[in-house]
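Participant: Input coords-v3.cif, format and content: mmCIF, C-alpha atoms.
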```
data_run
#
loop_
_atom_site.label_atom_id
_atom_site.label_comp_id
_atom_site.auth_asym_id
_atom_site.auth_seq_id
_atom_site.Cartn_x
_atom_site.Cartn_y
_atom_site.Cartn_z
CA MET L 554 151.41 -97.63 42.92
CA ARG L 555 152.24 -101.12 44.21
CA SER L 556 154.12 -99.75 47.22
CA TYR L 557 151.11 -97.67 48.22
CA ILE L 558 148.80 -100.67 47.81
CA SER L 559 150.92 -102.80 50.14
CA LYS L 560 151.22 -99.94 52.62
CA ILE L 561 147.50 -99.29 52.76
CA ALA L 562 146.69 -103.01 52.79
CA GLU L 563 148.72 -103.12 56.00
CA TRP L 564 146.84 -100.01 57.22
CA ASN L 565 143.53 -101.78 56.62
CA SER L 566 144.50 -105.03 58.31
CA GLY L 567 142.89 -105.73 61.64
CA LEU L 568 140.37 -102.90 61.44
CA ARG L 569 136.83 -103.57 62.60
CA ILE L 570 134.36 -102.91 59.82
CA PHE L 571 130.74 -102.39 60.72
CA SER L 572 128.41 -104.49 58.57
CA SER L 573 125.32 -102.94 57.07
CA ASP L 574 123.08 -104.93 59.40
CA SER L 575 124.98 -103.94 62.55
CA TYR L 576 122.93 -100.84 62.98
CA SER L 577 119.35 -99.71 62.62
CA ILE L 578 118.22 -96.39 61.26
CA ILE L 579 116.34 -94.65 64.03
CA SER L 580 113.44 -92.67 62.70
CA ARG L 581 110.21 -91.29 64.14
CA ILE L 582 107.13 -91.25 61.92
CA LEU L 583 104.91 -88.44 63.09
CA ASN L 584 101.16 -88.30 62.68
CA LYS L 585 99.31 -85.74 60.66
CA SER L 586 98.85 -83.35 63.55
CA GLY L 587 102.60 -82.95 63.81
CA LYS L 588 102.72 -84.43 67.30
CA GLY L 589 104.74 -87.55 67.68
CA PRO L 590 107.15 -89.35 69.96
CA GLY L 591 110.10 -87.35 71.17
CA LEU L 592 113.71 -88.00 70.34
CA ARG L 593 115.66 -90.43 72.41
CA ASN L 594 118.51 -88.94 74.40
CA ASP L 595 121.41 -90.80 72.82
CA CYS L 596 124.24 -88.27 73.08
CA MET L 597 126.17 -88.70 76.30
CA ASN L 598 128.32 -86.31 78.25
CA ASP L 599 132.03 -86.92 77.96
CA THR L 600 135.06 -85.33 79.52
CA VAL L 601 138.45 -85.62 77.82
CA PRO L 602 141.77 -84.25 79.06
CA LYS L 603 142.31 -81.01 77.18
CA LEU L 604 145.59 -81.07 75.27
CA TYR L 605 146.45 -77.74 73.71
CA ALA L 606 143.07 -76.45 74.90
CA THR L 607 142.69 -73.14 73.15
CA ARG L 608 139.01 -72.70 72.46
CA CYS L 609 136.19 -70.96 74.22
CA GLU L 610 133.87 -73.49 75.85
CA LYS L 611 130.95 -71.17 76.55
CA GLN L 612 128.50 -69.39 74.34
CA ALA L 613 128.98 -65.63 74.27
CA PRO L 614 126.32 -64.06 76.53
CA ASP L 615 125.06 -61.62 73.89
CA VAL L 616 124.66 -64.16 71.07
CA GLN L 617 121.00 -64.83 71.77
CA LYS L 618 120.19 -61.25 72.76
CA ASP L 619 121.48 -59.88 69.46
CA ASN L 620 119.85 -62.55 67.27
CA PRO L 621 116.14 -62.36 66.50
CA ALA L 622 115.82 -66.14 66.24
CA SER L 623 112.74 -67.95 67.40
CA ASP L 624 112.69 -70.21 70.43
CA MET L 625 112.53 -73.14 68.01
CA LEU L 626 116.30 -72.89 67.53
CA VAL L 627 117.34 -72.66 71.21
CA ASP L 628 118.05 -75.88 73.11
CA SER L 629 117.72 -76.54 76.83
CA PHE L 630 121.34 -75.46 77.39
CA GLY L 631 120.79 -72.05 75.79
CA ARG L 632 122.64 -72.83 72.57
CA LEU L 633 121.26 -70.94 69.58
CA HIS L 634 121.35 -72.93 66.33
CA THR L 635 121.84 -70.66 63.33
CA TYR L 636 123.64 -73.11 61.02
CA LEU L 637 121.78 -75.76 58.99
CA ARG L 638 123.54 -78.45 56.97
CA ILE L 639 121.38 -79.89 54.18
CA SER L 640 122.32 -83.16 52.49
CA LEU L 641 121.13 -83.09 48.89
CA THR L 642 121.85 -86.71 48.01
CA GLU L 643 123.17 -89.98 49.41
CA ARG L 644 124.94 -90.75 46.14
CA CYS L 645 128.66 -90.17 45.60
CA ASN L 646 131.00 -90.47 42.63
CA LEU L 647 133.86 -91.74 44.83
CA ARG L 648 134.13 -94.90 46.94
CA CYS L 649 136.48 -93.83 49.72
CA GLN L 650 137.59 -96.84 51.72
CA TYR L 651 136.97 -95.21 55.09
CA CYS L 652 133.48 -94.14 54.00
CA MET L 653 131.87 -97.02 52.11
CA PRO L 654 132.54 -100.45 50.58
CA ALA L 655 133.58 -100.79 46.94
CA GLU L 656 130.08 -101.81 45.88
CA GLY L 657 128.58 -98.78 47.61
CA LEU L 658 125.79 -98.68 50.18
CA GLU L 659 122.08 -99.33 50.03
CA LEU L 660 120.47 -96.04 49.07
CA THR L 661 117.09 -94.60 49.93
CA PRO L 662 114.62 -94.85 47.01
CA SER L 663 114.40 -91.56 45.14
CA THR L 664 110.71 -91.12 45.98
CA ARG L 665 111.62 -91.02 49.66
CA LEU L 666 114.21 -88.29 49.20
CA LEU L 667 113.32 -84.62 49.48
CA TYR L 668 112.31 -82.92 46.25
CA GLN L 669 113.63 -79.48 45.42
CA ASN L 670 110.47 -77.66 46.51
CA GLU L 671 110.48 -79.54 49.82
CA ILE L 672 114.10 -78.57 50.45
CA ILE L 673 113.33 -74.93 49.78
CA ARG L 674 110.22 -74.90 51.94
CA LEU L 675 112.02 -76.43 54.92
CA ALA L 676 115.06 -74.20 54.41
CA ASP L 677 112.80 -71.14 54.32
CA LEU L 678 111.20 -72.28 57.56
CA PHE L 679 114.60 -72.48 59.26
CA VAL L 680 115.86 -69.20 57.82
CA SER L 681 112.71 -67.30 58.76
CA SER L 682 113.21 -68.64 62.30
CA GLY L 683 116.80 -67.38 62.56
CA VAL L 684 119.16 -69.67 60.63
CA THR L 685 121.73 -67.49 58.85
CA LYS L 686 124.02 -70.09 57.29
CA ILE L 687 123.24 -73.15 55.16
CA ARG L 688 125.80 -75.70 53.99
CA LEU L 689 124.99 -78.15 51.19
CA THR L 690 126.47 -81.63 51.59
CA GLY L 691 126.01 -85.22 50.40
CA GLY L 692 126.95 -87.83 49.28
CA GLU L 693 128.32 -85.53 46.63
CA PRO L 694 126.07 -82.49 46.16
CA THR L 695 127.42 -81.53 42.73
CA ILE L 696 126.03 -84.70 41.11
CA ARG L 697 122.50 -83.49 41.76
CA LYS L 698 121.20 -82.20 38.41
CA ASP L 699 119.33 -79.24 39.89
CA ILE L 700 122.22 -78.05 42.10
CA GLU L 701 122.41 -74.64 40.40
CA GLU L 702 118.70 -73.96 40.81
CA ILE L 703 118.78 -75.09 44.43
CA CYS L 704 121.66 -72.68 45.13
CA LEU L 705 119.86 -69.83 43.38
CA ARG L 706 116.64 -70.35 45.34
CA LEU L 707 118.40 -70.81 48.68
CA SER L 708 120.62 -67.77 48.25
CA SER L 709 117.49 -65.71 47.60
CA LEU L 710 115.95 -66.54 50.99
CA ASN L 711 115.45 -63.39 53.04
CA GLY L 712 117.74 -63.54 56.07
CA LEU L 713 120.28 -66.06 54.79
CA LYS L 714 123.77 -64.59 55.01
CA THR L 715 125.94 -67.53 53.89
CA LEU L 716 125.44 -70.40 51.44
CA ALA L 717 128.28 -72.92 51.61
CA MET L 718 128.99 -76.33 50.11
CA THR L 719 131.23 -79.28 50.94
CA THR L 720 132.30 -81.25 47.84
CA ASN L 721 134.91 -83.76 46.76
CA GLY L 722 135.69 -81.44 43.84
CA LEU L 723 135.70 -84.18 41.22
CA ILE L 724 133.28 -82.45 38.83
CA LEU L 725 133.33 -79.02 40.43
CA ALA L 726 135.61 -76.95 38.21
CA ASN L 727 133.21 -76.63 35.26
CA LYS L 728 130.16 -76.07 37.48
CA LEU L 729 131.73 -73.51 39.80
CA PRO L 730 131.34 -70.31 37.74
CA ARG L 731 127.58 -70.86 37.50
CA LEU L 732 127.34 -71.90 41.16
CA ARG L 733 129.13 -68.68 42.08
CA GLU L 734 126.57 -66.71 40.07
CA CYS L 735 123.78 -68.60 41.86
CA GLY L 736 124.96 -67.39 45.25
CA LEU L 737 127.36 -70.07 46.53
CA SER L 738 129.54 -68.00 48.84
CA LEU L 739 131.76 -70.49 50.73
CA LEU L 740 133.45 -73.67 49.58
CA ASN L 741 135.02 -76.69 51.28
CA ILE L 742 136.80 -79.25 49.10
CA SER L 743 137.65 -82.65 50.57
CA LEU L 744 141.11 -83.99 49.76
CA ASP L 745 142.92 -86.54 51.93
CA THR L 746 146.17 -86.92 50.00
CA LEU L 747 148.40 -84.97 47.64
CA VAL L 748 149.72 -88.18 46.05
CA PRO L 749 147.69 -89.25 42.98
CA ALA L 750 148.38 -92.97 43.47
CA LYS L 751 147.21 -92.85 47.08
CA PHE L 752 144.14 -90.87 46.00
CA GLU L 753 143.20 -93.55 43.47
CA PHE L 754 143.71 -96.35 45.96
CA MET L 755 141.73 -94.67 48.75
CA THR L 756 138.84 -93.44 46.59
CA ARG L 757 138.81 -96.36 44.14
CA ARG L 758 138.57 -93.76 41.39
CA LYS L 759 140.90 -91.59 39.32
CA GLY L 760 140.61 -87.82 39.50
CA HIS L 761 143.24 -86.31 41.79
CA ASP L 762 144.17 -83.80 39.08
CA ARG L 763 140.55 -82.72 38.73
CA VAL L 764 140.30 -82.00 42.45
CA MET L 765 143.46 -79.90 42.36
CA LYS L 766 142.07 -78.09 39.30
CA ALA L 767 138.87 -77.36 41.26
CA ILE L 768 140.87 -75.83 44.11
CA ASP L 769 142.71 -73.55 41.69
CA ALA L 770 139.45 -72.65 39.92
CA ALA L 771 137.87 -71.67 43.23
CA ILE L 772 140.81 -69.39 44.01
CA GLU L 773 140.60 -67.77 40.56
CA LEU L 774 136.89 -67.11 41.10
CA GLY L 775 137.66 -65.23 44.30
CA TYR L 776 136.76 -67.73 47.01
CA ASN L 777 138.85 -66.65 49.98
CA PRO L 778 139.66 -68.80 51.71
CA VAL L 779 139.18 -72.04 49.82
CA LYS L 780 138.82 -74.59 52.59
CA VAL L 781 140.47 -77.98 52.05
CA ASN L 782 139.24 -80.73 54.37
CA CYS L 783 141.73 -83.50 55.14
CA VAL L 784 140.85 -86.50 57.33
CA VAL L 785 144.15 -87.57 58.89
CA MET L 786 144.72 -91.33 59.33
CA ARG L 787 147.81 -92.90 60.83
CA GLY L 788 149.76 -94.95 58.34
CA PHE L 789 147.99 -93.44 55.34
CA ASN L 790 148.45 -89.68 55.14
CA ASP L 791 149.91 -88.52 58.47
CA ASP L 792 153.24 -88.20 56.65
CA GLU L 793 151.68 -85.51 54.43
CA ILE L 794 150.69 -83.03 57.14
CA CYS L 795 153.52 -80.63 56.40
CA ASP L 796 152.94 -80.98 52.64
CA PHE L 797 149.34 -79.87 53.15
CA VAL L 798 150.50 -76.94 55.27
CA GLU L 799 152.72 -75.84 52.36
CA LEU L 800 149.56 -75.31 50.29
CA THR L 801 148.81 -72.30 52.50
CA ARG L 802 152.12 -70.55 51.86
CA GLU L 803 151.25 -68.70 48.67
CA LYS L 804 147.52 -69.35 48.21
CA PRO L 805 144.42 -68.30 50.18
CA ILE L 806 143.78 -71.88 51.29
CA ASN L 807 142.54 -72.95 54.70
CA VAL L 808 143.73 -76.52 55.25
CA ARG L 809 141.53 -78.19 57.85
CA PHE L 810 142.94 -81.32 59.45
CA ILE L 811 140.12 -83.53 60.76
CA GLU L 812 140.48 -86.23 63.38
CA PHE L 813 139.31 -89.62 62.07
CA MET L 814 135.76 -90.18 63.37
CA PRO L 815 133.72 -93.40 63.75
CA PHE L 816 130.55 -93.95 61.70
CA ASP L 817 128.71 -97.06 60.62
CA GLY L 818 130.32 -98.58 57.56
CA ASN L 819 133.73 -97.00 58.02
CA VAL L 820 136.94 -98.61 59.21
CA TRP L 821 137.52 -96.67 62.41
CA ASN L 822 140.09 -97.80 64.92
CA VAL L 823 141.70 -95.72 67.65
CA LYS L 824 145.14 -96.86 66.47
CA LYS L 825 144.52 -95.00 63.23
CA LEU L 826 143.44 -91.80 65.00
CA VAL L 827 146.05 -89.03 64.90
CA PRO L 828 145.09 -86.65 67.74
CA TYR L 829 145.15 -82.90 67.33
CA SER L 830 148.03 -82.54 69.80
CA GLU L 831 150.21 -84.84 67.72
CA MET L 832 149.35 -83.09 64.44
CA LEU L 833 150.17 -79.74 66.02
CA ASP L 834 153.51 -81.05 67.31
CA ILE L 835 154.43 -82.22 63.81
CA MET L 836 153.61 -78.81 62.40
CA VAL L 837 155.44 -76.85 65.12
CA LYS L 838 158.66 -78.76 64.46
CA LYS L 839 158.81 -77.52 60.87
CA PHE L 840 156.97 -74.19 60.82
CA THR L 841 157.78 -71.21 63.01
CA GLY L 842 155.65 -68.23 63.87
CA LEU L 843 152.50 -70.21 64.58
CA LYS L 844 149.80 -67.94 65.98
CA ARG L 845 146.40 -68.96 67.35
CA ILE L 846 143.47 -67.03 65.88
CA GLN L 847 140.71 -65.80 68.17
CA ASP L 848 137.69 -67.82 67.10
CA ASP L 849 133.98 -67.28 67.37
CA PRO L 850 132.42 -69.31 70.24
CA THR L 851 130.53 -71.41 67.68
CA GLU L 852 133.62 -72.22 65.60
CA THR L 853 134.28 -75.95 65.14
CA ALA L 854 137.94 -75.49 64.23
CA LYS L 855 141.03 -74.37 66.06
CA ASN L 856 142.60 -71.94 63.60
CA PHE L 857 146.25 -70.90 63.22
CA ARG L 858 148.21 -68.47 61.10
CA ILE L 859 151.83 -69.08 60.16
CA ASP L 860 154.28 -66.24 59.56
CA GLY L 861 154.82 -65.79 55.86
CA HIS L 862 151.81 -67.85 54.81
CA LEU L 863 148.86 -66.38 52.96
CA GLY L 864 146.47 -69.09 54.09
CA VAL L 865 145.40 -70.63 57.39
CA VAL L 866 145.69 -74.04 59.07
CA SER L 867 142.91 -75.47 61.22
CA PHE L 868 142.15 -78.57 63.29
CA ILE L 869 138.77 -80.25 63.80
CA THR L 870 139.15 -82.04 67.13
CA SER L 871 135.85 -83.90 67.50
CA MET L 872 137.45 -86.93 69.13
CA THR L 873 140.04 -85.57 71.56
CA GLU L 874 138.65 -82.14 72.40
CA HIS L 875 135.02 -81.72 71.48
CA PHE L 876 133.39 -78.33 70.90
CA CYS L 877 129.84 -79.23 71.90
CA ALA L 878 129.46 -76.25 74.26
CA GLY L 879 129.38 -73.85 71.32
CA CYS L 880 127.53 -76.08 68.87
CA ASN L 881 125.12 -74.14 66.65
CA ARG L 882 124.58 -76.78 63.94
CA LEU L 883 121.56 -78.79 62.84
CA ARG L 884 121.23 -81.30 59.99
CA LEU L 885 118.56 -82.03 57.41
CA LEU L 886 119.27 -85.34 55.70
CA ALA L 887 118.51 -86.16 52.08
CA ASP L 888 115.56 -88.35 53.12
CA GLY L 889 114.05 -85.52 55.13
CA ASN L 890 115.10 -86.74 58.57
CA PHE L 891 116.17 -84.05 61.02
CA LYS L 892 119.26 -84.64 63.16
CA VAL L 893 120.38 -82.37 65.98
CA CYS L 894 123.78 -84.01 66.56
CA LEU L 895 126.17 -85.53 64.05
CA PHE L 896 127.06 -88.35 66.43
CA GLY L 897 123.63 -88.98 67.90
CA PRO L 898 121.56 -91.68 66.16
CA SER L 899 118.26 -90.01 67.02
CA GLU L 900 116.38 -88.58 64.06
CA VAL L 901 112.89 -87.29 63.40
CA SER L 902 111.20 -87.14 60.02
CA LEU L 903 110.21 -83.78 58.58
CA ARG L 904 109.42 -85.30 55.19
CA ASP L 905 106.48 -87.36 56.45
CA PRO L 906 104.53 -84.60 58.19
CA LEU L 907 105.37 -82.26 55.30
CA ARG L 908 103.85 -84.70 52.79
CA HIS L 909 100.84 -85.25 55.06
CA GLY L 910 99.99 -81.57 54.89
CA ALA L 911 101.58 -80.19 58.05
CA VAL L 912 101.52 -76.40 58.26
CA ASP L 913 104.56 -74.33 59.27
CA ASN L 914 103.61 -74.11 62.94
CA GLU L 915 103.28 -77.89 63.16
CA LEU L 916 106.70 -78.36 61.55
CA LYS L 917 108.18 -75.78 63.92
CA GLU L 918 106.75 -77.71 66.87
CA ILE L 919 108.48 -80.90 65.69
CA ILE L 920 111.78 -79.08 65.09
CA GLY L 921 111.66 -77.21 68.39
CA ALA L 922 110.94 -80.38 70.36
CA ALA L 923 113.93 -82.10 68.76
CA VAL L 924 116.25 -79.17 69.43
CA LYS L 925 115.15 -79.01 73.08
CA ARG L 926 116.15 -82.66 73.55
CA LYS L 927 119.70 -82.13 72.26
CA LYS L 928 122.25 -83.31 74.80
CA ALA L 929 124.99 -81.17 76.29
CA ALA L 930 127.73 -83.17 74.54
CA HIS L 931 128.24 -86.24 72.43
CA ALA L 932 129.71 -89.46 73.76
CA GLY L 933 133.40 -90.26 73.89
CA MET L 934 135.03 -91.85 70.84
CA PHE L 935 135.00 -95.40 72.22
CA ASP L 936 131.30 -95.20 73.00
CA LEU L 937 130.65 -93.62 69.61
CA ALA L 938 132.36 -96.55 67.91
CA LYS L 939 129.78 -98.85 69.52
CA THR L 940 126.76 -96.60 69.03
CA PRO L 941 124.45 -97.30 66.05
CA ASN L 942 124.50 -94.41 63.61
CA ARG L 943 124.20 -93.95 59.87
CA PRO L 944 127.10 -94.05 57.41
CA MET L 945 128.50 -90.59 56.73
CA THR L 946 127.29 -90.61 53.14
CA HIS L 947 123.72 -90.95 54.47
CA ILE L 948 124.13 -88.27 57.14
CA GLY L 949 125.87 -85.75 54.93
CA GLY L 950 129.52 -84.74 55.23
#
```
How does this structure look as structure tokens?

Facilitator:
Amino acid sequence: MRSYISKIAEWNSGLRIFSSDSYSIISRILNKSGKGPGLRNDCMNDTVPKLYATRCEKQAPDVQKDNPASDMLVDSFGRLHTYLRISLTERCNLRCQYCMPAEGLELTPSTRLLYQNEIIRLADLFVSSGVTKIRLTGGEPTIRKDIEEICLRLSSLNGLKTLAMTTNGLILANKLPRLRECGLSLLNISLDTLVPAKFEFMTRRKGHDRVMKAIDAAIELGYNPVKVNCVVMRGFNDDEICDFVELTREKPINVRFIEFMPFDGNVWNVKKLVPYSEMLDIMVKKFTGLKRIQDDPTETAKNFRIDGHLGVVSFITSMTEHFCAGCNRLRLLADGNFKVCLFGPSEVSLRDPLRHGAVDNELKEIIGAAVKRKKAAHAGMFDLAKTPNRPMTHIGG
């Protein structure tokens, strides 16, 4: 354990940490009529040299034609947004060093968070307008006491095809059978190391064995694939890339390597970023028969199969090769703010007009106006590191 502590202490040294007062939460309070100030255009275009460029950069021409979605979900660049991520809570039962300080973060008072009925009403509004996939995030969504009922009600929405969840897996194993019964159809489990001592140091909590147990429980329940999200950081877990790939050999696991991204409150530094091209090179040197999978235009990951492996390996390349051209994702935060881009600080409140009696058409007007103002692409990673934004636990992972 001591060797890992000294190693990660060195990893942490010299990193710029954003203080809690170095950013402001940008929110728009709309009046009762549902008409309020528009979103600021904070996402900038960015062009990055494309290393190992293997993804489609344009939306398929028939996507909109074949989808009966309302205009509310189409932005000014013709992108159709059929995927809504809903954060159920800002709270988390881990204290990952790259996510939050040991003492945690200031949380929104519970009365200002969305209640279950508000979540369902807004979700129904999106689904009836054309959203077909919802992902539940946090914080840690499984610590919400009504998680099973929320899943049951969401999965019953007419038109919803997929209900997914991203979780750290710490208390998942015992809850999963019931969640499966309640309609949870896809699962992502976050795990950044396969070494228990490193897990404890990074998360400031014990529980590595419980996360591994949750992965196995998901497989036994028939989740295929079970997606394992791994944020790769130089000097911490980049030496485990091939070990993670080995998880896919005999199990239906999709390991998803994620480039380290900057958010307020985390310890981002470009020196700790391991680019997709480098991760792929590491993998190619050990594993043969790597084959690129043809992805949907809206896919965020670059997916690969390996000869002889049951599972799949993927890369989320937000920093070095963005996938904004095919973006179909929107975000509803736990406090009811609506966010059209993960990296854009602009938000608009849906909670306030909802609680002031706004009808569906008024809420749709607010949502549609926000979607129309979505930029073509987010800023480059150096600009993002300087741009005020919320901590990830507030936005929803």

Participant: Apply the PyMOL selection byres ((chain L and resi 764-780) around 8) to the displayed file and report the matching residues as a VMD selection string.

Facilitator: chain L and resid 721 to 726 729 to 730 733 738 to 742 744 760 to 763 781 to 782 804 to 809 864

Participant: Show me, as a list of chain:residue names, the residues that have an atom within 8 Å of His634 (chain L) when counting all atoms listed in the file, minus same-chain residues fewer than 6 positions from it.

Facilitator: L:Leu626, L:Val627, L:Val684, L:Cys880, L:Asn881, L:Arg882, L:Leu883

Participant: Save the residues we just selected, C-alpha atoms, as a PDB file, in the coordinates of the input?

Facilitator:
```
ATOM      1  CA  LEU L 626     116.300 -72.890  67.530  1.00  0.00           C
ATOM      2  CA  VAL L 627     117.340 -72.660  71.210  1.00  0.00           C
ATOM      3  CA  VAL L 684     119.160 -69.670  60.630  1.00  0.00           C
ATOM      4  CA  CYS L 880     127.530 -76.080  68.870  1.00  0.00           C
ATOM      5  CA  ASN L 881     125.120 -74.140  66.650  1.00  0.00           C
ATOM      6  CA  ARG L 882     124.580 -76.780  63.940  1.00  0.00           C
ATOM      7  CA  LEU L 883     121.560 -78.790  62.840  1.00  0.00           C
TER       8      LEU L 883
END
```

Participant: Suppose you want the space between CA of Leu637 (chain L) and CA of Ile687 (chain L); what is it in Å?

Facilitator: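 Interatomic distance, CA of Leu637 (chain L) to CA of Ile687 (chain L): 4.9 Å.
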
Participant: Please evaluate the PyMOL selection byres ((chain L and resi 859) around 10) against the displayed coordinates and give the resulting residues as JSON, numbers by chain.

Facilitator: {"L": [798, 801, 802, 837, 840, 841, 842, 843, 844, 845, 857, 858, 860, 861, 862, 863, 864, 865, 866]}

Participant: List the residues matched by the PyMOL selection byres ((chain L and resi 663) around 10) in the displayed structure as a list in words, ordered by chain and then by residue number.

Facilitator: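 Listing what the PyMOL selection byres ((chain L and resi 663) around 10) selects in the shown file: Thr642, Glu643, Leu660, Thr661, Pro662, Thr664, Arg665, Leu666, Leu667, Tyr668, Ala887 and Asp888 of chain L.
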
Participant: From the set L:Asn670, L:Ser682, L:Thr695, L:Gln847, which residue has the shortest atom-to-atom contact distance to Lys917 (chain L), counting all atoms listed in the file?

Facilitator: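 Counting all atoms listed in the file, the residue closest to Lys917 (chain L) is L:Ser682.
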
Participant: Using CA of Cys783 (chain L) and CA of Phe813 (chain L) as the two end points, give the distance in Å to one decimal.

Facilitator: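 Separating CA of Cys783 (chain L) from CA of Phe813 (chain L) is a distance of 9.6 Å.
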
Participant: Ranking L:Ser640, L:Arg674, L:Cys652, L:Ser902 by minimum distance to Leu689 (chain L) and counting all atoms listed in the file, which one comes first?

Facilitator: L:Ser640

Participant: Find the residues around Leu705 (chain L) up to 10 Å (all atoms listed in the file counted), leave out those fewer than 6 positions away in its own chain, and share them as a PyMOL selection string.

Facilitator: chain L and resi 716+731-737

Participant: Just the residues within 10 Å of Arg908 (chain L), please, counting only C-alpha atoms, with nothing from its chain fewer than 3 positions along; format it as an NGL selection string.

Facilitator: :L and (585 or 671 or 903-905 or 911)
